[in-house]
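One structure below.
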Amino acid sequence: MAKRYPDVLRVEFDGKKRKFGSRHNSCPNSPTYQKYSVRLAEELAKRYGKRDSIVAWHVSNEYGGACYCENCEKAFRVWLKKKYGTIEEVNRAWDTAFWGHTFYDWDEIVAPDLRSEHFAETRTNFQGISLDYSRFNSDSMLACYEAEAAAIRAYVPDAKITTNLMGTYKPLDYQKWAKSMDFVSWDNYPENGAPYARTAMSHDLMRGLKGGMPFALMEQTPSVSNWLSYCALKRPGVMRLWSYQAVAHGADTVMFFQMRRSIGACEKYHGAVIDHVGSENTRVFREIAALGEELKKLGAHTLGGRSCAKAAIVFDWDNWWALEYSAGPNTDLHYLDEVFLWYRALAEQNYAVDLISEEETLSRYEVVIAPVLYMTKTGYDEKIRGFVRDGGTFITTFFSGIVDEHDLVITGGYPGRLRDVLGIWVEEIDALPPDASNQITYEDVCYPARLLCDILHTEGAETLSAYEKDFYAGFPALTVNSYGEGKAYYVATRLSDDFYRAFLRERMEEKEVRPVLEAEAVSWVTEKNYDQEAISGQETVAWKAGIEATERFANGKSILYVLNHTDETAEITLPSERTELLSGRILKTGDKISIAPKDVLLLERNL
Amino acid sequence: MAKRYPDVLRVEFDGKKRKFGSRHNSCPNSPTYQKYSVRLAEELAKRYGKRDSIVAWHVSNEYGGACYCENCEKAFRVWLKKKYGTIEEVNRAWDTAFWGHTFYDWDEIVAPDLRSEHFAETRTNFQGISLDYSRFNSDSMLACYEAEAAAIRAYVPDAKITTNLMGTYKPLDYQKWAKSMDFVSWDNYPENGAPYARTAMSHDLMRGLKGGMPFALMEQTPSVSNWLSYCALKRPGVMRLWSYQAVAHGADTVMFFQMRRSIGACEKYHGAVIDHVGSENTRVFREIAALGEELKKLGAHTLGGRSCAKAAIVFDWDNWWALEYSAGPNTDLHYLDEVFLWYRALAEQNYAVDLISEEETLSRYEVVIAPVLYMTKTGYDEKIRGFVRDGGTFITTFFSGIVDEHDLVITGGYPGRLRDVLGIWVEEIDALPPDASNQITYEDVCYPARLLCDILHTEGAETLSAYEKDFYAGFPALTVNSYGEGKAYYVATRLSDDFYRAFLRERMEEKEVRPVLEAEAVSWVTEKNYDQEAISGQETVAWKAGIEATERFANGKSILYVLNHTDETAEITLPSERTELLSGRILKTGDKISIAPKDVLLLERNL
Amino acid sequence: MAKRYPDVLRVEFDGKKRKFGSRHNSCPNSPTYQKYSVRLAEELAKRYGKRDSIVAWHVSNEYGGACYCENCEKAFRVWLKKKYGTIEEVNRAWDTAFWGHTFYDWDEIVAPDLRSEHFAETRTNFQGISLDYSRFNSDSMLACYEAEAAAIRAYVPDAKITTNLMGTYKPLDYQKWAKSMDFVSWDNYPENGAPYARTAMSHDLMRGLKGGMPFALMEQTPSVSNWLSYCALKRPGVMRLWSYQAVAHGADTVMFFQMRRSIGACEKYHGAVIDHVGSENTRVFREIAALGEELKKLGAHTLGGRSCAKAAIVFDWDNWWALEYSAGPNTDLHYLDEVFLWYRALAEQNYAVDLISEEETLSRYEVVIAPVLYMTKTGYDEKIRGFVRDGGTFITTFFSGIVDEHDLVITGGYPGRLRDVLGIWVEEIDALPPDASNQITYEDVCYPARLLCDILHTEGAETLSAYEKDFYAGFPALTVNSYGEGKAYYVATRLSDDFYRAFLRERMEEKEVRPVLEAEAVSWVTEKNYDQEAISGQETVAWKAGIEATERFANGKSILYVLNHTDETAEITLPSERTELLSGRILKTGDKISIAPKDVLLLERNL
């Protein structure tokens, strides 16, 4: 096909026309690709559609990347015409009057790449066109998925169709994609040394794509990921632990890539259930077989479980794209980093948390955090206002409320449409290089302030902490505004892990939200090889991360998942009478149960 | 235009043809660009040329970059034909016999880029062609400027025309450009943490472009530069301080980019007089308004001021290009670094200094420094000889006198045509990696020797210091040659800041040149947050940088500018009776006047 | 030619079509290049072929790089057809079923570059095609060489023809090239600070290309290499020392690039016999002239000398390419690094060692080391088996025996075909990042284990050391298997220099192989500026590297070369009665002779 119809091949960001080879090499706007990918799906549906053994359909594999060919360029113009109607509206949305880039005709618009507006992957001279191209590229690939799904459904009307997502993958707006998927599935390949909360965040983001509906873990490696620089083995017990972590966060199935190691090409050293040796006599095979036995024993107990979080973190792909296209104020500002700081502080204290799109209702939550809500889309401010008015606790940070959905600045003073609910006006933003910091004191603890320091004036808000250095010493760095029945917090600078932990625990306690597992319920039996990270001096409970707990609800029952990510043995004091599903042991409230390194407990109770 | 006439778009260094977008995207040798840019200038001149409110014309904006398209390639051949006459002469000038690159026809010559002679931006296989292409590219853009200027002048014969330069900007030979400009203007965007002397050097270079004639500061940011990695705010007082620094170095006007922050595109977070908030109620607006008031009060006092330096540093674009195209001896050798070492040593001691082109007369100076005068153009050696013969002090360094204007080595022993006036022969050049050093002792102080160490033999010169390590221990590292009435110094290795300070003070004192403000006239009242950098033990006067002083002369008056770049308060002892212009206070010789952190004094006296 | 026939110009790895300029810019599969390069060789042979003064012919210069143009692509298909016969066999060899890359027609195959299978120089999605392209590219250039050589030989039937190789140069399989060369010649440009053993390894590799036949040192610099970042001078005596090092390792001639420094272009600052000064009065000229005098005095004594090594290291270009194309297990694994660890351990203890291709007979050696023998070509396992069966000591390491000649994994358990002779089964491979290590203890010394840790089971082998940390603590890390009359060692992890030294000395002593110069025969007279590196505490002989010794045999005589690479004076105790050729001094067994820093001794004796 590449030979006969070169239009199926992509053009890269630097203008390089691809030849046959690699993968993700098909242009989503290639007429040829569109025609034959759908025909292929049709043929598969015709041939296999009636088989009983098929429970679901998986379209394509890890959609991703982007194309900058002429067909994409033309399709982009059509997409823009549909979105904006007139070229004048495009000019307004992109502010093309700047630098005299005004377009007079649709075909003057070219794809934004290294040949036109970009000088690096995320460095562009026109944020508006780049942002829309990100949306367009995501939509283009989604249309390919939808066309194949439709072809299948034509033959298999009740087909359950999915495609494997990749967690926090920037190029595709999965929140939009999920609407066209019958269920979410994703591939979990953590980097070496990633904290367990980072994987948990991806699980929770994936779960949130369809409002908490259970998802499938489509791929994980049984042992190594071959594309890492250092292909470290999953230590004994880790594959099982991470499999249960998926279930604990909402997976109803856990699968592997791959069954058998291929003998050639680039993934021949990727982990597999069956290694090149070809026998069952390997540690990896034994661990997977044992897990299979265990799951068989568990039966349907875990299926359909739902979380019941009272805290949510707002996550938005448009915001991600726009924030990281921004020229200024600090190139070290990355959306995922900021989201993770907040997520981790909740997750490591075992507070249940949802990652939600901007379309989700806020009223079911007590605490909503929107880290770096740079883009405030029309109407979202009102949603926040309503939430706070009705008693909610809303938290946002520096560089929020700055632009609208077109990346056009909302004039009249930062944080724009959020100024009233937060009760502040941000006059200036100071950026700090990595080796510099200011500082604040919050409840007698001193925390370093980094990255960005907003210089703000309260307009009704109360100052909780102020900067202590530089010419803006004394200016507020942390504020709270009472608004209706609720409170709106503004964190004007990047603080440290221990701040986020202490600050969020207070917010949760104010709203009487309890963790799934209290810190007091965990005690350590052995301590070895563990890099203790204790909360600062003020803490009365000696706390450290490593015992993860989530709770899922289904069929009138709750399962409390307790996972020991450490290399130490811990002891859990039962918060309620529960049955440990794997051992069958019945435990009363207050009983102590030991949990070995890398081990898991599934503690069920009737509601 | 990009759609209809693609020839207006550039081809990049890697051969990539650009599409519409970004800026600096027009090819200077595009017939279409040449035609319409001139027509546009014509139309503007026709329409606005007679208005009284126009005091000057600013053509284009920050010319820069380079193009490697076929039109440029063809124009390059024409340029070469005009310069060299015959292809044989091109072959001689570029030494194409090397590697058998002899050209037999003009159209065999291609643009030197990553497709031909280059393997990196400044790494070329043929220095000759790359050097000429640098000259050609600068000339091509200059021709565009000149064509627009001519079109304006056709309608506005007495138009004052300029374009905004960018200080030490390598691609354009501003010394050549300035001849076509009625006055010099430039944009000053220092990097975070740049020493104040670095900005001063750019001012002095810009002032020198037209022989000391006052220039315009066309652009500076009121607060942040949005394209920096870390957009640090200008601290309170700094915008005012740096504005006066421009005036102190020869600016007759100080302007800003930008008046109002745009709401979209890449510069929306660049500083502005009027912020997105849209009100006058910001620190930045207040500081600018206050400065405006102050300037109103100052009136014409500062206009037309000229410096009267007795020291000059030779600065040459051809030398810059050739030096940094050189394959060997040390990739860490950068022209600006070396020039700045010498400039800083003078500037921080408040000696007035000019940066001059090779066309300037030397006779008005007592001390002339030519750092790394790698290229000795035909005749310039004789200019130096004349200067020294007549009593001048000439100083040059390692890797000087090596090549002629074609980057062809002057055989017969380094430093070529300067061998006689310096009285030395350099036999070998040793290059040191960054972590290695030799050492010398000069007037009982030991200094590290880095980067390059010439191994030389005196031929009449006197050895002032010698290397103390390695196999060339004992060989001269610092020499002086008496020649006619003057002296010629050779600094054979890269030394340290304190060496350059001590060495140059001696040279200045020998020639009875005094600083604008003596070190003894400065005392420190408070000392805080300041990283003291004292001259080594031999100093009797405790000296540190931070109080900058320049003197400008006009209309029978002198203004002494004193600028406090530190965070401490200092006290200045008046060197002569003067009026402090901003306060109106009259001070007698010996009076003490305090200067607060970031503050300035303008001390006027009649001559 | 570039103008008239653009096909002579290469296409780069990123698809960029080159223009005239640089060097190595000719496509080896250009019909134009093939035609005219041969005609040129013909004309030269016709004109100069009969001259007595010509002793050898040097074709082209430093062949290298690669081309990815359409002519190469077509030639690649022809090459593949010749190698594989059918497209089905290509699919099998490359395992194209993976990712559905099956080819149905020859012209579907495209060159593997950044437009197709590659995402970086050594990162490919299909190892098979990339490996074959490396072979094809090497063969294509070799064909160019052969065609020119044939053209010369047509006129000069007894011509001695060579081309200058570049030591450990990856793109060209010199072992294959050498078959078409009458003698080997190469260019020696060590990097600043390279250990002397690294240069020695290149010499030994070059010598091994034609089974130990003396070679020519075609190029070395008299003083500096201008393309280095820091062009450090060769210190006094170093040029002479390194010239003798070439002879000591098998060179029959030592030449220089270049005679005279050019005045222009990129190599004008490369060292030369005659510098830009143009006189004989330079250190460099004097040193070369003195060396010439010395060589004249030596006469033919050194010519034709052969080594007699009892240890060999297997070196294979196919293995090099395949290993470094591998996706996993550790991107820090580089073939040359691993080979050098083993080479250095022998060389610094002055054991004679050969670097041999896989075609060489093993029976003449006592100890054969095959570091990271990742690729085990069909039949080579049997060669190893035979060698061990007959009493040889064979040593190999982690990540060996994995794939066949097509980079297809040999299934059934690592190390594949070597499993029986090594008596082990490697179940898993753990990769360590640079800052991590495991450890082993061998003969009471503890060594860090890095890079890769095989987790293996013995199947007849004896465990000499085991891991001491992590979950595979206790698993074997060093094993030996008795097989027939010999022993096969497996080193399952990367250890440290002192391990390799101690381990190899033991292996050599077991086989009664003695060093050319015993450690006891060296004592140090002065100790200065020397970073002593002693073997760990267990050593009874205080040993340090720096005195290199080799022995060459010819015409019934042996010459022992002793080279002092240190800055100290040493004393050598004569191992046998010998004549020092440079001084003429006759020395008896047990006599002591002093050797100054950078000096050499040539000690001859009759056999």
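Starting from 1 in every chain, residues are counted up; chains themselves are A, B, ... following the order of the structure tokens, and ligands are numbered from 1 as listed.
With chain B superimposed on chain C by least squares using every Cα atom in order, the two chains differ by 0.1 Å RMSD.
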Give as an NGL selection string every residue of chain A that touches chain C within 8 Å, counting only C-alpha atoms. :A and (3 or 16-23 or 226-233 or 235-236 or 262-270 or 276-278 or 282)
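For the atom pair formed by CA of Arg51 in chain A and CA of Ile152 in chain A, the distance is 13.3 Å, given to one decimal.
The set of residues in range 23-153 of chain A assigned to strand (DSSP E) by DSSP, using only backbone atoms of this structure, is Trp57, His58, His118, Phe119, Ala120, Arg123 and Thr124 of chain A.
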What's around Ser30 in chain A at 7 Å? Count only C-alpha atoms, leave out sequence neighbours fewer than 4 positions away in its own chain, and write the answer as a PyMOL selection string. chain A and resi 7-8+34+71
Spatial neighbours of range 166-169 of chain A, 8 Å, only C-alpha atoms, chain gap at least 6 places, as number ranges by chain: A: 62, 186-188, 202-203, 205-206
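Atom to atom, CA of Gly305 in chain A and CA of Phe183 in chain A stand 14.3 Å apart.
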Using only C-alpha atoms, which protein or nucleic acid residues come within 12 Å of Asp337 in chain A? Drop anything in the same chain fewer than 2 positions from it, and give the result as a PyMOL selection string. chain A and resi 168+198+201+320+324+332-335+339-344+371-372+451+494+496-497
